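Okay, coords.cif is below, mmCIF, C-alpha atoms:
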```cif
data_coords
#
loop_
_atom_site.label_atom_id
_atom_site.label_comp_id
_atom_site.auth_asym_id
_atom_site.auth_seq_id
_atom_site.Cartn_x
_atom_site.Cartn_y
_atom_site.Cartn_z
CA MET A 714 -39.87 22.09 -36.05
CA GLU A 715 -39.58 25.87 -36.53
CA ALA A 716 -43.17 26.26 -35.37
CA ILE A 717 -42.39 24.38 -32.14
CA LEU A 718 -39.41 26.64 -31.43
CA SER A 719 -41.34 29.82 -32.14
CA GLN A 720 -44.34 28.81 -30.05
CA PHE A 721 -42.28 27.44 -27.15
CA PRO A 722 -39.12 29.57 -27.03
CA ASN A 723 -38.04 28.53 -23.54
CA LEU A 724 -37.20 24.91 -24.33
CA THR A 725 -34.02 23.49 -22.88
CA GLU A 726 -31.33 22.02 -25.14
CA ILE A 727 -32.48 18.54 -24.16
CA GLN A 728 -36.10 19.31 -25.06
CA VAL A 729 -35.09 20.76 -28.43
CA LEU A 730 -33.10 17.61 -29.21
CA GLN A 731 -36.01 15.41 -28.12
CA PHE A 732 -38.43 17.26 -30.38
CA GLN A 733 -35.93 17.14 -33.26
CA LYS A 734 -35.62 13.36 -32.92
CA LEU A 735 -39.35 12.80 -33.35
CA GLN A 736 -39.37 12.96 -37.16
CA GLU A 737 -36.66 10.32 -37.59
CA LEU A 738 -38.12 8.08 -34.89
CA TYR A 739 -41.65 8.15 -36.25
CA GLU A 740 -40.54 7.72 -39.86
CA ASP A 741 -38.55 4.67 -38.81
CA TRP A 742 -41.31 3.11 -36.73
CA ASN A 743 -44.01 4.03 -39.21
CA SER A 744 -42.20 2.00 -41.86
CA LYS A 745 -42.56 -1.06 -39.59
CA ILE A 746 -45.85 -0.39 -37.80
CA ASN A 747 -48.25 2.09 -39.37
CA VAL A 748 -49.28 4.41 -36.54
CA ILE A 749 -49.49 7.66 -38.52
CA SER A 750 -51.17 8.02 -41.91
CA ARG A 751 -48.74 8.25 -44.84
CA LYS A 752 -49.89 11.75 -45.78
CA ASP A 753 -49.48 12.98 -42.20
CA ILE A 754 -45.94 11.75 -41.58
CA ASP A 755 -44.56 14.61 -43.69
CA GLU A 756 -46.62 17.03 -41.60
CA LEU A 757 -45.67 15.42 -38.29
CA TYR A 758 -44.71 18.63 -36.49
CA THR A 759 -47.88 20.49 -37.45
CA ARG A 760 -50.56 17.82 -37.42
CA HIS A 761 -49.33 15.75 -34.51
CA VAL A 762 -46.69 17.48 -32.39
CA LEU A 763 -47.94 21.08 -32.46
CA HIS A 764 -51.55 19.88 -32.34
CA SER A 765 -50.75 17.91 -29.18
CA LEU A 766 -49.05 20.95 -27.67
CA GLY A 767 -52.23 22.95 -28.15
CA ILE A 768 -53.17 21.64 -24.70
CA ALA A 769 -50.09 23.41 -23.31
CA LYS A 770 -51.48 26.71 -24.61
CA ILE A 771 -54.46 26.22 -22.30
CA ILE A 772 -52.65 24.98 -19.21
CA GLU A 773 -49.13 24.50 -17.88
CA PHE A 774 -49.12 21.26 -15.93
CA ARG A 775 -47.47 21.68 -12.55
CA PRO A 776 -44.63 19.41 -11.39
CA GLY A 777 -45.96 16.23 -9.79
CA SER A 778 -49.22 16.29 -11.75
CA LYS A 779 -50.58 13.03 -13.14
CA ILE A 780 -51.98 12.94 -16.68
CA MET A 781 -53.56 10.04 -18.56
CA ASP A 782 -53.66 9.95 -22.36
CA VAL A 783 -56.50 7.70 -23.53
CA GLY A 784 -56.32 6.17 -27.01
CA THR A 785 -52.81 7.53 -27.45
CA GLY A 786 -52.20 5.79 -30.78
CA GLY A 787 -48.57 6.47 -31.62
CA GLY A 788 -48.18 8.67 -28.56
CA PHE A 789 -50.24 11.79 -29.17
CA PRO A 790 -50.80 14.03 -27.34
CA GLY A 791 -48.87 12.28 -24.55
CA ILE A 792 -45.31 12.17 -25.93
CA PRO A 793 -45.04 15.86 -26.95
CA LEU A 794 -46.63 16.93 -23.66
CA ALA A 795 -44.23 14.69 -21.73
CA ILE A 796 -41.25 16.30 -23.46
CA LEU A 797 -42.59 19.74 -22.57
CA HIS A 798 -43.33 18.76 -18.94
CA PRO A 799 -40.46 16.54 -17.71
CA GLU A 800 -41.58 16.76 -14.06
CA VAL A 801 -45.12 15.56 -14.79
CA ASP A 802 -46.13 11.87 -14.87
CA PHE A 803 -47.83 10.68 -18.06
CA TYR A 804 -49.71 7.39 -18.41
CA LEU A 805 -50.45 6.53 -22.03
CA ILE A 806 -52.93 3.79 -22.90
CA ASP A 807 -54.33 2.25 -26.06
CA VAL A 808 -56.13 -1.00 -26.77
CA ILE A 809 -53.82 -1.81 -29.71
CA ALA A 810 -50.61 -3.51 -28.56
CA LYS A 811 -48.45 -2.58 -31.57
CA LYS A 812 -49.17 1.11 -31.02
CA ILE A 813 -48.09 0.84 -27.39
CA LYS A 814 -44.90 -0.88 -28.56
CA VAL A 815 -44.11 2.17 -30.70
CA VAL A 816 -44.87 4.54 -27.81
CA ASN A 817 -42.56 2.65 -25.48
CA GLU A 818 -39.77 2.51 -28.06
CA VAL A 819 -40.07 6.24 -28.80
CA ALA A 820 -40.15 7.13 -25.10
CA THR A 821 -37.04 4.98 -24.48
CA ALA A 822 -35.18 6.48 -27.44
CA LEU A 823 -35.94 9.99 -26.16
CA GLY A 824 -34.96 9.13 -22.59
CA LEU A 825 -38.38 10.07 -21.24
CA LYS A 826 -38.49 8.83 -17.65
CA ASN A 827 -41.93 10.37 -17.03
CA VAL A 828 -43.86 8.19 -19.50
CA LYS A 829 -45.51 4.84 -18.80
CA ALA A 830 -47.43 3.19 -21.63
CA GLU A 831 -49.66 0.12 -21.48
CA GLN A 832 -52.15 -1.75 -23.60
CA LYS A 833 -55.33 -1.21 -21.60
CA ARG A 834 -58.92 -0.07 -21.84
CA ALA A 835 -59.67 3.17 -20.02
CA GLU A 836 -62.49 1.56 -18.06
CA LEU A 837 -60.02 -0.85 -16.43
CA VAL A 838 -57.63 1.83 -15.13
CA LYS A 839 -57.74 2.12 -11.33
CA GLN A 840 -55.60 5.23 -10.76
CA GLU A 841 -56.71 8.84 -10.47
CA PHE A 842 -55.37 11.76 -12.48
CA ASP A 843 -55.42 15.54 -12.52
CA PHE A 844 -56.36 15.50 -16.19
CA ILE A 845 -57.32 12.99 -18.85
CA VAL A 846 -56.19 14.06 -22.32
CA SER A 847 -57.05 12.62 -25.71
CA ARG A 848 -57.34 13.34 -29.42
CA ALA A 849 -60.90 12.68 -30.51
CA VAL A 850 -60.99 8.94 -29.89
CA THR A 851 -64.79 8.95 -29.58
CA ASN A 852 -67.70 11.27 -28.88
CA MET A 853 -67.64 13.18 -25.61
CA PRO A 854 -70.57 11.35 -23.90
CA ASP A 855 -68.88 7.97 -24.39
CA PHE A 856 -65.50 9.34 -23.38
CA VAL A 857 -66.92 10.76 -20.16
CA ASN A 858 -68.38 7.34 -19.35
CA TRP A 859 -64.93 5.80 -19.73
CA VAL A 860 -63.06 8.21 -17.48
CA GLU A 861 -65.42 10.04 -15.13
CA ASP A 862 -64.32 8.01 -12.07
CA LYS A 863 -60.60 8.53 -12.71
CA VAL A 864 -60.28 12.21 -11.77
CA ALA A 865 -58.37 13.09 -8.60
CA LYS A 866 -60.07 15.02 -5.81
CA LYS A 867 -57.20 17.36 -4.97
CA GLN A 868 -56.75 20.35 -7.28
CA HIS A 869 -53.26 21.51 -8.29
CA HIS A 870 -54.22 23.95 -11.05
CA GLU A 871 -56.48 26.94 -11.53
CA LEU A 872 -58.20 24.97 -14.27
CA ALA A 873 -60.46 22.39 -12.62
CA ASN A 874 -59.46 18.72 -12.85
CA GLY A 875 -61.12 16.86 -15.69
CA ILE A 876 -60.85 16.26 -19.44
CA LEU A 877 -58.73 18.15 -21.98
CA TYR A 878 -59.89 16.93 -25.38
CA LEU A 879 -58.47 17.81 -28.79
CA LYS A 880 -61.30 17.89 -31.30
CA GLY A 881 -62.36 19.71 -34.46
CA GLY A 882 -65.46 21.15 -36.07
CA ASP A 883 -68.82 22.21 -34.67
CA LEU A 884 -69.23 20.59 -31.25
CA THR A 885 -72.52 22.23 -30.29
CA GLU A 886 -74.56 19.05 -30.45
CA GLU A 887 -71.90 16.82 -28.93
CA LEU A 888 -71.37 19.12 -25.95
CA ALA A 889 -75.05 19.92 -25.40
CA ALA A 890 -75.19 17.68 -22.34
CA PHE A 891 -72.09 19.32 -20.82
CA PRO A 892 -72.84 22.98 -20.05
CA LYS A 893 -69.60 23.33 -18.05
CA ALA A 894 -67.44 22.50 -21.09
CA THR A 895 -65.26 25.29 -22.45
CA GLU A 896 -63.97 25.38 -26.04
CA TYR A 897 -60.62 26.99 -26.84
CA ASN A 898 -59.89 27.65 -30.52
CA LEU A 899 -56.37 26.63 -31.48
CA SER A 900 -56.51 29.15 -34.34
CA ASP A 901 -56.08 31.77 -31.61
CA PHE A 902 -52.58 30.41 -31.02
CA PHE A 903 -51.45 28.72 -34.25
CA THR A 904 -51.63 30.29 -37.72
CA ASP A 905 -51.43 27.19 -39.92
CA GLU A 906 -54.72 26.54 -41.74
CA PHE A 907 -54.79 23.02 -40.24
CA PHE A 908 -55.88 24.63 -36.95
CA GLU A 909 -58.78 26.66 -38.35
CA THR A 910 -61.42 24.33 -36.88
CA LYS A 911 -59.32 22.62 -34.21
CA LYS A 912 -60.12 23.09 -30.52
CA VAL A 913 -59.20 22.07 -27.01
CA VAL A 914 -62.28 21.23 -24.97
CA HIS A 915 -61.97 21.47 -21.19
CA LEU A 916 -64.62 19.58 -19.26
CA PRO A 917 -64.31 19.71 -15.46
CA LEU A 918 -65.25 16.46 -13.74
CA LYS A 919 -66.10 16.03 -10.09
CA TYR A 920 -64.28 13.47 -8.00
CA LYS A 921 -66.17 10.17 -7.77
CA LYS A 922 -65.44 7.34 -5.40
#
```
When written as structure tokens, how does the structure in this file appear?
Amino acid sequence: MEAILSQFPNLTEIQVLQFQKLQELYEDWNSKINVISRKDIDELYTRHVLHSLGIAKIIEFRPGSKIMDVGTGGGFPGIPLAILHPEVDFYLIDVIAKKIKVVNEVATALGLKNVKAEQKRAELVKQEFDFIVSRAVTNMPDFVNWVEDKVAKKQHHELANGILYLKGGDLTEELAAFPKATEYNLSDFFTDEFFETKKVVHLPLKYKK
């Protein structure tokens, strides 16, 4: 939690309380429905919360923006980003119903009015979003196929609408077909060794109708 406070010093009292509640909430729900690996639950704030907030080091979502989190699992990166951006709408989806149950329960317990979570495949989503975020649910070519027609035409940010993908390791081969992709090293922002190979990949996508 100290890392969250040091990296994001302008949090409101409500946001601080919401972030503080995450450990207890996820420990409780993880004991019923395993959404986070046992070894990771003790490192929740580094490996899940701060990792999710790596996206916020690349971009500050503007009020009224619409963000979709694909393959959200237990709510990452969507829940931490939703706490940080209370005036932004987040739509969290996963194909596994029990994970969406946890997301909805956590969002309710935190009082997050800007989160909607559903069990759904990305290909079946009809809405359009400023950005689609995710944590390495699949390789980039497949992910692009899932979401390339779900990007809004109107731009609200300096960073072009598209994908913001949390991924680790050498992505040279995976991103070879996407010359417009930009990699941001999270080690530039976070000192914990967990982030040594972790990145945010921004891939702009053109509006398709």
Which residues match the PyMOL selection byres ((chain A and resi 860-864) around 12) in the file above, as a compact mmCIF listing (two decimals) with C-alpha atoms, in the coordinates of the input?
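And here's part-v6.txt as it stands now:
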```txt
# COMPACT_ATOMS: atom_id res chain seq x y z
CA SER A 778 -49.22 16.29 -11.75
CA LYS A 779 -50.58 13.03 -13.14
CA ILE A 780 -51.98 12.94 -16.68
CA MET A 781 -53.56 10.04 -18.56
CA ASP A 782 -53.66 9.95 -22.36
CA VAL A 783 -56.50 7.70 -23.53
CA GLY A 784 -56.32 6.17 -27.01
CA ARG A 834 -58.92 -0.07 -21.84
CA ALA A 835 -59.67 3.17 -20.02
CA GLU A 836 -62.49 1.56 -18.06
CA LEU A 837 -60.02 -0.85 -16.43
CA VAL A 838 -57.63 1.83 -15.13
CA LYS A 839 -57.74 2.12 -11.33
CA GLN A 840 -55.60 5.23 -10.76
CA GLU A 841 -56.71 8.84 -10.47
CA PHE A 842 -55.37 11.76 -12.48
CA ASP A 843 -55.42 15.54 -12.52
CA PHE A 844 -56.36 15.50 -16.19
CA ILE A 845 -57.32 12.99 -18.85
CA VAL A 846 -56.19 14.06 -22.32
CA SER A 847 -57.05 12.62 -25.71
CA MET A 853 -67.64 13.18 -25.61
CA PRO A 854 -70.57 11.35 -23.90
CA ASP A 855 -68.88 7.97 -24.39
CA PHE A 856 -65.50 9.34 -23.38
CA VAL A 857 -66.92 10.76 -20.16
CA ASN A 858 -68.38 7.34 -19.35
CA TRP A 859 -64.93 5.80 -19.73
CA ALA A 865 -58.37 13.09 -8.60
CA LYS A 866 -60.07 15.02 -5.81
CA LYS A 867 -57.20 17.36 -4.97
CA GLN A 868 -56.75 20.35 -7.28
CA ALA A 873 -60.46 22.39 -12.62
CA ASN A 874 -59.46 18.72 -12.85
CA GLY A 875 -61.12 16.86 -15.69
CA ILE A 876 -60.85 16.26 -19.44
CA LEU A 877 -58.73 18.15 -21.98
CA LEU A 916 -64.62 19.58 -19.26
CA PRO A 917 -64.31 19.71 -15.46
CA LEU A 918 -65.25 16.46 -13.74
CA LYS A 919 -66.10 16.03 -10.09
CA TYR A 920 -64.28 13.47 -8.00
CA LYS A 921 -66.17 10.17 -7.77
CA LYS A 922 -65.44 7.34 -5.40
```
Rows by chain and residue number, segment 724-785 of chain A within 9 Å of segment 816-830 of chain A, shortest pair, only C-alpha atoms, as a Markdown table:
```
| residue | atom | partner | partner_atom | distance |
| --- | --- | --- | --- | --- |
| A:Leu730 | CA | A:Leu823 | CA | 8.7 |
| A:Gln731 | CA | A:Leu823 | CA | 5.8 |
| A:Phe732 | CA | A:Leu823 | CA | 8.8 |
| A:Lys734 | CA | A:Leu823 | CA | 7.6 |
| A:Leu735 | CA | A:Val819 | CA | 8.0 |
| A:Leu738 | CA | A:Val819 | CA | 6.7 |
| A:Tyr739 | CA | A:Val819 | CA | 7.9 |
| A:Trp742 | CA | A:Val819 | CA | 8.6 |
| A:Thr785 | CA | A:Val816 | CA | 8.5 |
```
inquiry  = Under the rule that all atoms listed in the file are counted, which of A:Leu794, A:Ala716, A:Ile754, A:Ala889 is the nearest residue to Thr904 of chain A?
reply    =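 The closest residue to Thr904 of chain A is A:Ala716.
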task = Fewer than 4 positions away in the same chain doesn't count, so skip those; otherwise give me all residues within 10 Å of segment 768-772 of chain A, counting only C-alpha atoms, as a ChimeraX atom specification.
result = /A:720-721,763-764,790,793-794,797-798,846-847,870-872,877-879,897-899,901-903,912-915
For the residues selected in the previous step, produce a file with C-alpha atoms as a JSON list (two decimals), in the frame of the given file.
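As written to disk, again.json reads:
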```json
[["chain", "number", "residue", "atom", "x", "y", "z"],
["A", 720, "GLN", "CA", -44.34, 28.81, -30.05],
["A", 721, "PHE", "CA", -42.28, 27.44, -27.15],
["A", 763, "LEU", "CA", -47.94, 21.08, -32.46],
["A", 764, "HIS", "CA", -51.55, 19.88, -32.34],
["A", 790, "PRO", "CA", -50.80, 14.03, -27.34],
["A", 793, "PRO", "CA", -45.04, 15.86, -26.95],
["A", 794, "LEU", "CA", -46.63, 16.93, -23.66],
["A", 797, "LEU", "CA", -42.59, 19.74, -22.57],
["A", 798, "HIS", "CA", -43.33, 18.76, -18.94],
["A", 846, "VAL", "CA", -56.19, 14.06, -22.32],
["A", 847, "SER", "CA", -57.05, 12.62, -25.71],
["A", 870, "HIS", "CA", -54.22, 23.95, -11.05],
["A", 871, "GLU", "CA", -56.48, 26.94, -11.53],
["A", 872, "LEU", "CA", -58.20, 24.97, -14.27],
["A", 877, "LEU", "CA", -58.73, 18.15, -21.98],
["A", 878, "TYR", "CA", -59.89, 16.93, -25.38],
["A", 879, "LEU", "CA", -58.47, 17.81, -28.79],
["A", 897, "TYR", "CA", -60.62, 26.99, -26.84],
["A", 898, "ASN", "CA", -59.89, 27.65, -30.52],
["A", 899, "LEU", "CA", -56.37, 26.63, -31.48],
["A", 901, "ASP", "CA", -56.08, 31.77, -31.61],
["A", 902, "PHE", "CA", -52.58, 30.41, -31.02],
["A", 903, "PHE", "CA", -51.45, 28.72, -34.25],
["A", 912, "LYS", "CA", -60.12, 23.09, -30.52],
["A", 913, "VAL", "CA", -59.20, 22.07, -27.01],
["A", 914, "VAL", "CA", -62.28, 21.23, -24.97],
["A", 915, "HIS", "CA", -61.97, 21.47, -21.19]]
```
Point-to-point distance from atom CA of Lys880 of chain A to atom CA of Asp905 of chain A, Å rounded to tenths = 16.1 Å
To box segment 853-858 of chain A, take all atoms listed in the file, fit an axis-aligned box, add 3 Å on each side, and give centre and edge lengths in Å to one decimal, as lines of an AutoDock Vina configuration file.
```
center_x = -68.0
center_y = 10.3
center_z = -22.5
size_x = 11.1
size_y = 11.8
size_z = 12.3
```
inquiry  = Would you compute the distance between atom CA of Asp755 of chain A and atom CA of Glu715 of chain A? Give it in Å to one decimal.
reply    =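 About the pair atom CA of Asp755 of chain A and atom CA of Glu715 of chain A: they are 14.2 Å apart.
Each of A:Val748, A:Ile806, A:Leu766, A:Ala894 was checked against Ile717 of chain A using only C-alpha atoms; the smallest atom-to-atom distance is that of A:Leu766.
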query = What gap, in Å, lies between atom CA of Ile792 of chain A and atom CA of His761 of chain A?
reply =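 Computing the Euclidean distance for atom CA of Ile792 of chain A and atom CA of His761 of chain A yields 10.1 Å.
Between Ile809 of chain A and the candidates A:Leu757, A:Val762, A:Ala849, A:Ile746, the tightest atom-to-atom separation, counting all atoms listed in the file, involves A:Ile746.
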remark   = One residue among A:Glu831, A:Glu887, A:Glu737, A:Glu800 is nearest to Tyr758 of chain A when using all atoms listed in the file, and that residue is A:Glu737
request  = Can you work out which one of A:Phe908, A:Lys745, A:Pro776, A:Gly786 has the shortest atom-to-atom distance to Ala810 of chain A, counting all atoms listed in the file?
outcome  = A:Gly786
